[in-house]
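> Enclosed is the structure file upload19.txt (compact mmCIF, C-alpha atoms).
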```
# COMPACT_ATOMS: atom_id res chain seq x y z
CA MET A 1 -68.37 46.01 39.79
CA LYS A 2 -68.23 42.42 41.07
CA ALA A 3 -70.86 43.28 43.68
CA LEU A 4 -73.15 44.71 40.99
CA THR A 5 -72.64 41.65 38.80
CA MET A 6 -73.37 39.34 41.72
CA LEU A 7 -76.46 41.36 42.66
CA CYS A 8 -77.77 41.11 39.10
CA CYS A 9 -77.12 37.35 39.10
CA MET A 10 -78.87 36.88 42.41
CA MET A 11 -81.87 38.90 41.16
CA ALA A 12 -82.06 36.66 38.08
CA ILE A 13 -81.98 33.61 40.34
CA ALA A 14 -84.68 35.09 42.57
CA CYS A 15 -86.89 35.60 39.51
CA GLY A 16 -86.21 31.99 38.49
CA ILE A 17 -87.07 30.77 41.96
CA THR A 18 -90.32 32.70 41.89
CA THR A 19 -91.13 31.04 38.58
CA CYS A 20 -90.27 27.62 40.01
CA ASN A 21 -92.50 28.10 43.04
CA GLY A 22 -95.51 29.77 41.48
CA GLY A 23 -95.01 29.89 37.78
CA THR A 24 -96.58 27.73 35.14
CA THR A 25 -98.62 24.76 36.17
CA ALA A 26 -98.81 21.31 34.71
CA PRO A 27 -101.72 20.70 32.36
CA ALA A 28 -104.88 19.37 33.99
CA GLY A 29 -104.73 15.61 34.34
CA ALA A 30 -100.93 15.52 33.89
CA PRO A 31 -99.19 13.23 36.35
CA ASP A 32 -97.51 14.84 39.34
CA THR A 33 -93.81 14.11 38.85
CA HIS A 34 -92.50 16.51 41.51
CA ASP A 35 -91.01 13.90 43.85
CA ALA A 36 -89.45 11.93 40.98
CA ASP A 37 -88.01 15.14 39.52
CA VAL A 38 -86.48 16.15 42.87
CA LYS A 39 -84.91 12.67 43.13
CA ALA A 40 -83.63 12.91 39.55
CA ILE A 41 -81.97 16.29 40.15
CA SER A 42 -80.46 15.01 43.41
CA ALA A 43 -79.13 11.93 41.59
CA THR A 44 -77.70 14.19 38.89
CA GLU A 45 -75.74 16.15 41.50
CA ASP A 46 -74.58 12.92 43.19
CA GLN A 47 -73.21 11.72 39.86
CA TRP A 48 -71.68 15.13 39.15
CA ASN A 49 -69.73 14.89 42.43
CA LYS A 50 -68.47 11.42 41.42
CA ASP A 51 -67.40 12.82 38.05
CA TYR A 52 -65.37 15.50 39.83
CA VAL A 53 -63.69 12.87 42.03
CA ALA A 54 -62.81 10.96 38.85
CA LYS A 55 -61.71 14.25 37.20
CA ASP A 56 -63.61 13.17 34.08
CA LEU A 57 -63.84 16.40 32.09
CA ASP A 58 -66.28 15.17 29.46
CA LYS A 59 -68.70 13.77 32.05
CA ILE A 60 -68.46 16.92 34.17
CA ALA A 61 -69.18 19.17 31.18
CA ALA A 62 -72.03 16.89 30.04
CA HIS A 63 -74.08 18.06 33.05
CA TYR A 64 -74.43 21.47 31.36
CA ALA A 65 -76.95 22.41 28.66
CA ASP A 66 -75.54 23.77 25.40
CA ASP A 67 -76.62 27.31 26.37
CA ALA A 68 -75.50 27.13 30.02
CA VAL A 69 -73.54 29.72 31.97
CA LEU A 70 -71.06 28.96 34.77
CA MET A 71 -70.04 31.70 37.19
CA ALA A 72 -67.40 30.67 39.70
CA PRO A 73 -65.27 32.67 42.14
CA GLY A 74 -62.13 34.11 40.60
CA THR A 75 -63.21 33.56 37.01
CA GLY A 76 -65.25 35.37 34.44
CA ALA A 77 -68.58 33.98 33.30
CA MET A 78 -68.25 31.00 30.97
CA THR A 79 -71.16 30.93 28.51
CA GLY A 80 -71.96 27.87 26.42
CA LYS A 81 -71.02 24.25 26.93
CA GLN A 82 -67.77 24.54 24.94
CA ALA A 83 -66.55 27.56 26.95
CA ILE A 84 -67.43 25.75 30.17
CA HIS A 85 -65.61 22.62 28.95
CA ASP A 86 -62.51 24.67 28.11
CA GLY A 87 -62.59 26.51 31.45
CA LEU A 88 -63.00 23.29 33.40
CA GLN A 89 -60.19 21.70 31.40
CA GLU A 90 -57.81 24.32 32.76
CA MET A 91 -59.11 23.83 36.30
CA LEU A 92 -58.74 20.04 36.12
CA LYS A 93 -55.07 20.34 35.12
CA ASP A 94 -54.40 21.27 38.75
CA PRO A 95 -53.33 18.03 40.52
CA ALA A 96 -54.66 19.38 43.83
CA ILE A 97 -58.15 20.14 42.54
CA ALA A 98 -60.96 18.65 44.57
CA LEU A 99 -64.54 19.92 44.48
CA GLN A 100 -67.50 18.64 46.42
CA PHE A 101 -70.95 20.18 46.70
CA HIS A 102 -74.14 19.29 48.54
CA ALA A 103 -77.63 20.65 48.01
CA SER A 104 -79.54 21.65 51.11
CA ASN A 105 -82.58 22.53 49.01
CA VAL A 106 -83.95 21.07 45.77
CA GLU A 107 -87.04 22.61 44.19
CA VAL A 108 -88.92 21.84 40.98
CA ALA A 109 -91.51 24.00 39.23
CA LYS A 110 -95.07 22.74 39.19
CA SER A 111 -94.73 22.50 35.43
CA GLY A 112 -91.96 19.92 35.92
CA ASP A 113 -89.59 21.49 33.40
CA TRP A 114 -87.45 23.75 35.61
CA GLY A 115 -85.75 23.23 38.95
CA TYR A 116 -82.93 24.46 41.08
CA THR A 117 -80.59 23.37 43.84
CA GLN A 118 -79.11 25.51 46.56
CA GLY A 119 -76.31 24.37 48.82
CA SER A 120 -72.69 24.55 49.86
CA TYR A 121 -69.39 23.54 48.34
CA THR A 122 -65.79 22.94 49.37
CA MET A 123 -62.87 23.13 46.99
CA THR A 124 -59.14 22.59 47.22
CA ALA A 125 -56.89 23.99 44.50
CA SER A 126 -53.33 25.21 43.98
CA ASP A 127 -52.59 28.90 44.18
CA PRO A 128 -51.25 29.76 40.70
CA LYS A 129 -48.54 32.03 42.14
CA THR A 130 -47.32 30.09 45.19
CA HIS A 131 -48.41 26.59 44.11
CA LYS A 132 -49.56 26.00 47.70
CA GLN A 133 -52.92 24.36 48.33
CA VAL A 134 -55.78 26.74 49.01
CA ASN A 135 -59.07 25.69 50.58
CA ASP A 136 -62.24 27.45 49.53
CA HIS A 137 -65.84 27.03 50.61
CA GLY A 138 -69.06 28.81 49.87
CA SER A 139 -72.55 28.48 48.51
CA TYR A 140 -74.07 27.80 45.12
CA VAL A 141 -77.30 27.86 43.18
CA THR A 142 -77.77 25.76 40.06
CA THR A 143 -80.81 26.15 37.82
CA TYR A 144 -81.82 23.07 35.83
CA ARG A 145 -83.96 22.55 32.76
CA LYS A 146 -85.56 19.22 31.88
CA GLU A 147 -84.44 18.25 28.40
CA ALA A 148 -86.56 16.48 25.77
CA ASP A 149 -84.99 13.13 26.74
CA GLY A 150 -86.08 13.64 30.38
CA SER A 151 -82.58 14.39 31.69
CA TRP A 152 -81.88 17.48 33.80
CA LYS A 153 -79.13 19.83 32.57
CA ALA A 154 -77.66 22.84 34.36
CA VAL A 155 -78.42 26.11 32.58
CA ALA A 156 -77.07 28.50 35.24
CA ASP A 157 -74.47 27.42 37.78
CA ILE A 158 -73.37 30.16 40.16
CA ALA A 159 -71.05 29.82 43.16
CA THR A 160 -70.00 32.43 45.69
CA SER A 161 -67.00 32.00 47.96
CA ALA A 162 -67.29 32.59 51.69
CA VAL A 163 -63.52 33.08 51.88
CA PRO A 164 -62.68 36.78 51.98
CA SER A 165 -60.60 37.98 49.07
CA MET A 166 -57.36 39.77 49.71
CA PRO A 167 -57.75 43.56 49.96
CA ILE A 168 -56.14 45.56 47.19
CA PRO A 169 -53.29 47.62 48.63
CA GLU A 170 -53.72 51.36 48.36
CA LYS A 171 -51.21 53.32 46.32
CA LYS A 172 -48.82 55.34 48.41
CA LYS A 173 -48.88 59.06 47.76
```
Written as structure tokens, that's how I'd like the structure from this file.

Amino acid sequence: MKALTMLCCMMAIACGITTCNGGTTAPAGAPDTHDADVKAISATEDQWNKDYVAKDLDKIAAHYADDAVLMAPGTGAMTGKQAIHDGLQEMLKDPAIALQFHASNVEVAKSGDWGYTQGSYTMTASDPKTHKQVNDHGSYVTTYRKEADGSWKAVADIATSAVPSMPIPEKKK
């Protein structure tokens, strides 16, 4: 079921990427803001990393649009800024939590209103059962929408872990 969910999410991202690369175009005579938009999204992610270092819940959650969805390994989808805020609040209670991410690719639609980043992350957290530190790493894709005030907000933030999950033991017959 997780594989199907992930496949559906990746297909949605692929459709979004197609839209970003060849979708709507800016009106004739509109200024080309592509480079400035790429820099703005990159700066947004730089600040987001600093907010995680500071463990500032409100600033971290402020990077999401009101209608955003966050899908992270080991959790169910969190839909809406308040659900994301609440989910992150639980995560940030862990004294060992440390998250860092870096985009290897930043793209913006020709229309200048949508963009995405793709990259890798590392995370340290406490195992809820053993309370020992666990290191995770993987990849992510974040889709951004330019808001009316010119800021970029995450509308879909999806991470996949490269750390294999533990196999489920088979029942003995």
> For each of A:Val134, A:Ala109, A:Ala68, A:Ala62, take the minimum atom-to-atom distance to Asp94 in chain A, counting only C-alpha atoms, then give the residue where this is smallest.
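Checking each candidate against Asp94 in chain A, we get A:Val134 as the closest.
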> One decimal, Å: what's the distance from CA of Ser139 in chain A over to CA of Trp114 in chain A, could you say?
20.3 Å
> Using all atoms listed in the file, which protein or nucleic acid residues come within 8 Å of range 118-128 of chain A? Drop anything in the same chain fewer than 3 positions from it, and give the result as a compact mmCIF listing (two decimals) with C-alpha atoms, in the coordinates of the input.

```txt
# COMPACT_ATOMS: atom_id res chain seq x y z
CA ASP A 94 -54.40 21.27 38.75
CA PRO A 95 -53.33 18.03 40.52
CA ALA A 96 -54.66 19.38 43.83
CA ILE A 97 -58.15 20.14 42.54
CA ALA A 98 -60.96 18.65 44.57
CA LEU A 99 -64.54 19.92 44.48
CA GLN A 100 -67.50 18.64 46.42
CA PHE A 101 -70.95 20.18 46.70
CA HIS A 102 -74.14 19.29 48.54
CA ALA A 103 -77.63 20.65 48.01
CA SER A 104 -79.54 21.65 51.11
CA ASN A 105 -82.58 22.53 49.01
CA VAL A 106 -83.95 21.07 45.77
CA HIS A 131 -48.41 26.59 44.11
CA LYS A 132 -49.56 26.00 47.70
CA GLN A 133 -52.92 24.36 48.33
CA VAL A 134 -55.78 26.74 49.01
CA ASN A 135 -59.07 25.69 50.58
CA ASP A 136 -62.24 27.45 49.53
CA HIS A 137 -65.84 27.03 50.61
CA GLY A 138 -69.06 28.81 49.87
CA SER A 139 -72.55 28.48 48.51
CA TYR A 140 -74.07 27.80 45.12
CA VAL A 141 -77.30 27.86 43.18
CA THR A 142 -77.77 25.76 40.06
```
> Between A:Leu57, A:Ala72, A:Leu88, A:Ala83, which one has atoms that come closest to Ser161 in chain A, using only C-alpha atoms?
A:Ala72
> Quick check, in Å to one decimal: how far apart do CA of Asp37 in chain A and CA of Val108 in chain A lie?
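Between CA of Asp37 in chain A and CA of Val108 in chain A the gap works out to 6.9 Å.
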> By how many Å are CA of Glu90 in chain A and CA of Gly74 in chain A apart?
13.3 Å
> Reconstruct N, CA and C atoms of range 27-62 of chain A from the incomplete input and present them as a CSV table (one decimal), keeping the file's coordinate frame.

```
chain,number,residue,atom,x,y,z
A,27,PRO,N,-100.4,20.8,32.9
A,27,PRO,CA,-101.7,20.7,32.4
A,27,PRO,C,-102.6,19.8,33.2
A,28,ALA,N,-103.9,20.1,33.2
A,28,ALA,CA,-104.9,19.4,34.0
A,28,ALA,C,-104.8,17.9,33.6
A,29,GLY,N,-104.8,17.0,34.6
A,29,GLY,CA,-104.7,15.6,34.3
A,29,GLY,C,-103.3,15.1,34.1
A,30,ALA,N,-102.3,16.0,34.1
A,30,ALA,CA,-100.9,15.5,33.9
A,30,ALA,C,-100.5,14.9,35.2
A,31,PRO,N,-99.6,13.9,35.1
A,31,PRO,CA,-99.2,13.2,36.4
A,31,PRO,C,-98.3,14.2,37.1
A,32,ASP,N,-98.4,14.0,38.5
A,32,ASP,CA,-97.5,14.8,39.3
A,32,ASP,C,-96.2,14.1,39.5
A,33,THR,N,-95.1,14.7,38.9
A,33,THR,CA,-93.8,14.1,38.8
A,33,THR,C,-92.8,14.8,39.8
A,34,HIS,N,-93.4,15.7,40.7
A,34,HIS,CA,-92.5,16.5,41.5
A,34,HIS,C,-91.5,15.7,42.3
A,35,ASP,N,-91.9,14.7,43.0
A,35,ASP,CA,-91.0,13.9,43.8
A,35,ASP,C,-90.0,13.2,43.0
A,36,ALA,N,-90.4,12.6,41.9
A,36,ALA,CA,-89.4,11.9,41.0
A,36,ALA,C,-88.5,12.9,40.4
A,37,ASP,N,-88.9,14.1,40.1
A,37,ASP,CA,-88.0,15.1,39.5
A,37,ASP,C,-87.0,15.6,40.6
A,38,VAL,N,-87.4,15.8,41.8
A,38,VAL,CA,-86.5,16.2,42.9
A,38,VAL,C,-85.4,15.1,43.0
A,39,LYS,N,-85.9,13.8,43.0
A,39,LYS,CA,-84.9,12.7,43.1
A,39,LYS,C,-84.0,12.7,41.9
A,40,ALA,N,-84.5,12.9,40.7
A,40,ALA,CA,-83.6,12.9,39.6
A,40,ALA,C,-82.6,14.0,39.6
A,41,ILE,N,-82.9,15.2,40.0
A,41,ILE,CA,-82.0,16.3,40.2
A,41,ILE,C,-80.9,16.0,41.2
A,42,SER,N,-81.4,15.4,42.3
A,42,SER,CA,-80.5,15.0,43.4
A,42,SER,C,-79.5,13.9,42.9
A,43,ALA,N,-80.0,13.0,42.2
A,43,ALA,CA,-79.1,11.9,41.6
A,43,ALA,C,-78.1,12.5,40.6
A,44,THR,N,-78.6,13.5,39.8
A,44,THR,CA,-77.7,14.2,38.9
A,44,THR,C,-76.5,14.8,39.6
A,45,GLU,N,-76.8,15.5,40.7
A,45,GLU,CA,-75.7,16.2,41.5
A,45,GLU,C,-74.8,15.1,42.2
A,46,ASP,N,-75.4,14.0,42.6
A,46,ASP,CA,-74.6,12.9,43.2
A,46,ASP,C,-73.6,12.4,42.1
A,47,GLN,N,-74.1,12.2,40.9
A,47,GLN,CA,-73.2,11.7,39.9
A,47,GLN,C,-72.2,12.8,39.5
A,48,TRP,N,-72.6,14.0,39.5
A,48,TRP,CA,-71.7,15.1,39.2
A,48,TRP,C,-70.5,15.2,40.1
A,49,ASN,N,-70.8,15.0,41.4
A,49,ASN,CA,-69.7,14.9,42.4
A,49,ASN,C,-68.8,13.7,42.1
A,50,LYS,N,-69.3,12.6,41.8
A,50,LYS,CA,-68.5,11.4,41.4
A,50,LYS,C,-67.6,11.7,40.2
A,51,ASP,N,-68.2,12.5,39.2
A,51,ASP,CA,-67.4,12.8,38.0
A,51,ASP,C,-66.3,13.7,38.4
A,52,TYR,N,-66.5,14.6,39.4
A,52,TYR,CA,-65.4,15.5,39.8
A,52,TYR,C,-64.3,14.7,40.5
A,53,VAL,N,-64.7,13.7,41.4
A,53,VAL,CA,-63.7,12.9,42.0
A,53,VAL,C,-62.9,12.1,41.0
A,54,ALA,N,-63.5,11.7,39.9
A,54,ALA,CA,-62.8,11.0,38.8
A,54,ALA,C,-62.1,11.9,37.9
A,55,LYS,N,-62.3,13.2,38.1
A,55,LYS,CA,-61.7,14.2,37.2
A,55,LYS,C,-62.0,14.0,35.7
A,56,ASP,N,-63.2,13.5,35.4
A,56,ASP,CA,-63.6,13.2,34.1
A,56,ASP,C,-64.2,14.4,33.4
A,57,LEU,N,-63.4,15.1,32.7
A,57,LEU,CA,-63.8,16.4,32.1
A,57,LEU,C,-65.1,16.3,31.2
A,58,ASP,N,-65.1,15.3,30.4
A,58,ASP,CA,-66.3,15.2,29.5
A,58,ASP,C,-67.6,14.9,30.2
A,59,LYS,N,-67.5,14.1,31.3
A,59,LYS,CA,-68.7,13.8,32.0
A,59,LYS,C,-69.1,15.0,32.9
A,60,ILE,N,-68.1,15.7,33.4
A,60,ILE,CA,-68.5,16.9,34.2
A,60,ILE,C,-69.2,17.9,33.3
A,61,ALA,N,-68.6,18.2,32.1
A,61,ALA,CA,-69.2,19.2,31.2
A,61,ALA,C,-70.5,18.7,30.6
A,62,ALA,N,-70.8,17.4,30.6
A,62,ALA,CA,-72.0,16.9,30.0
A,62,ALA,C,-73.2,17.2,30.9
```
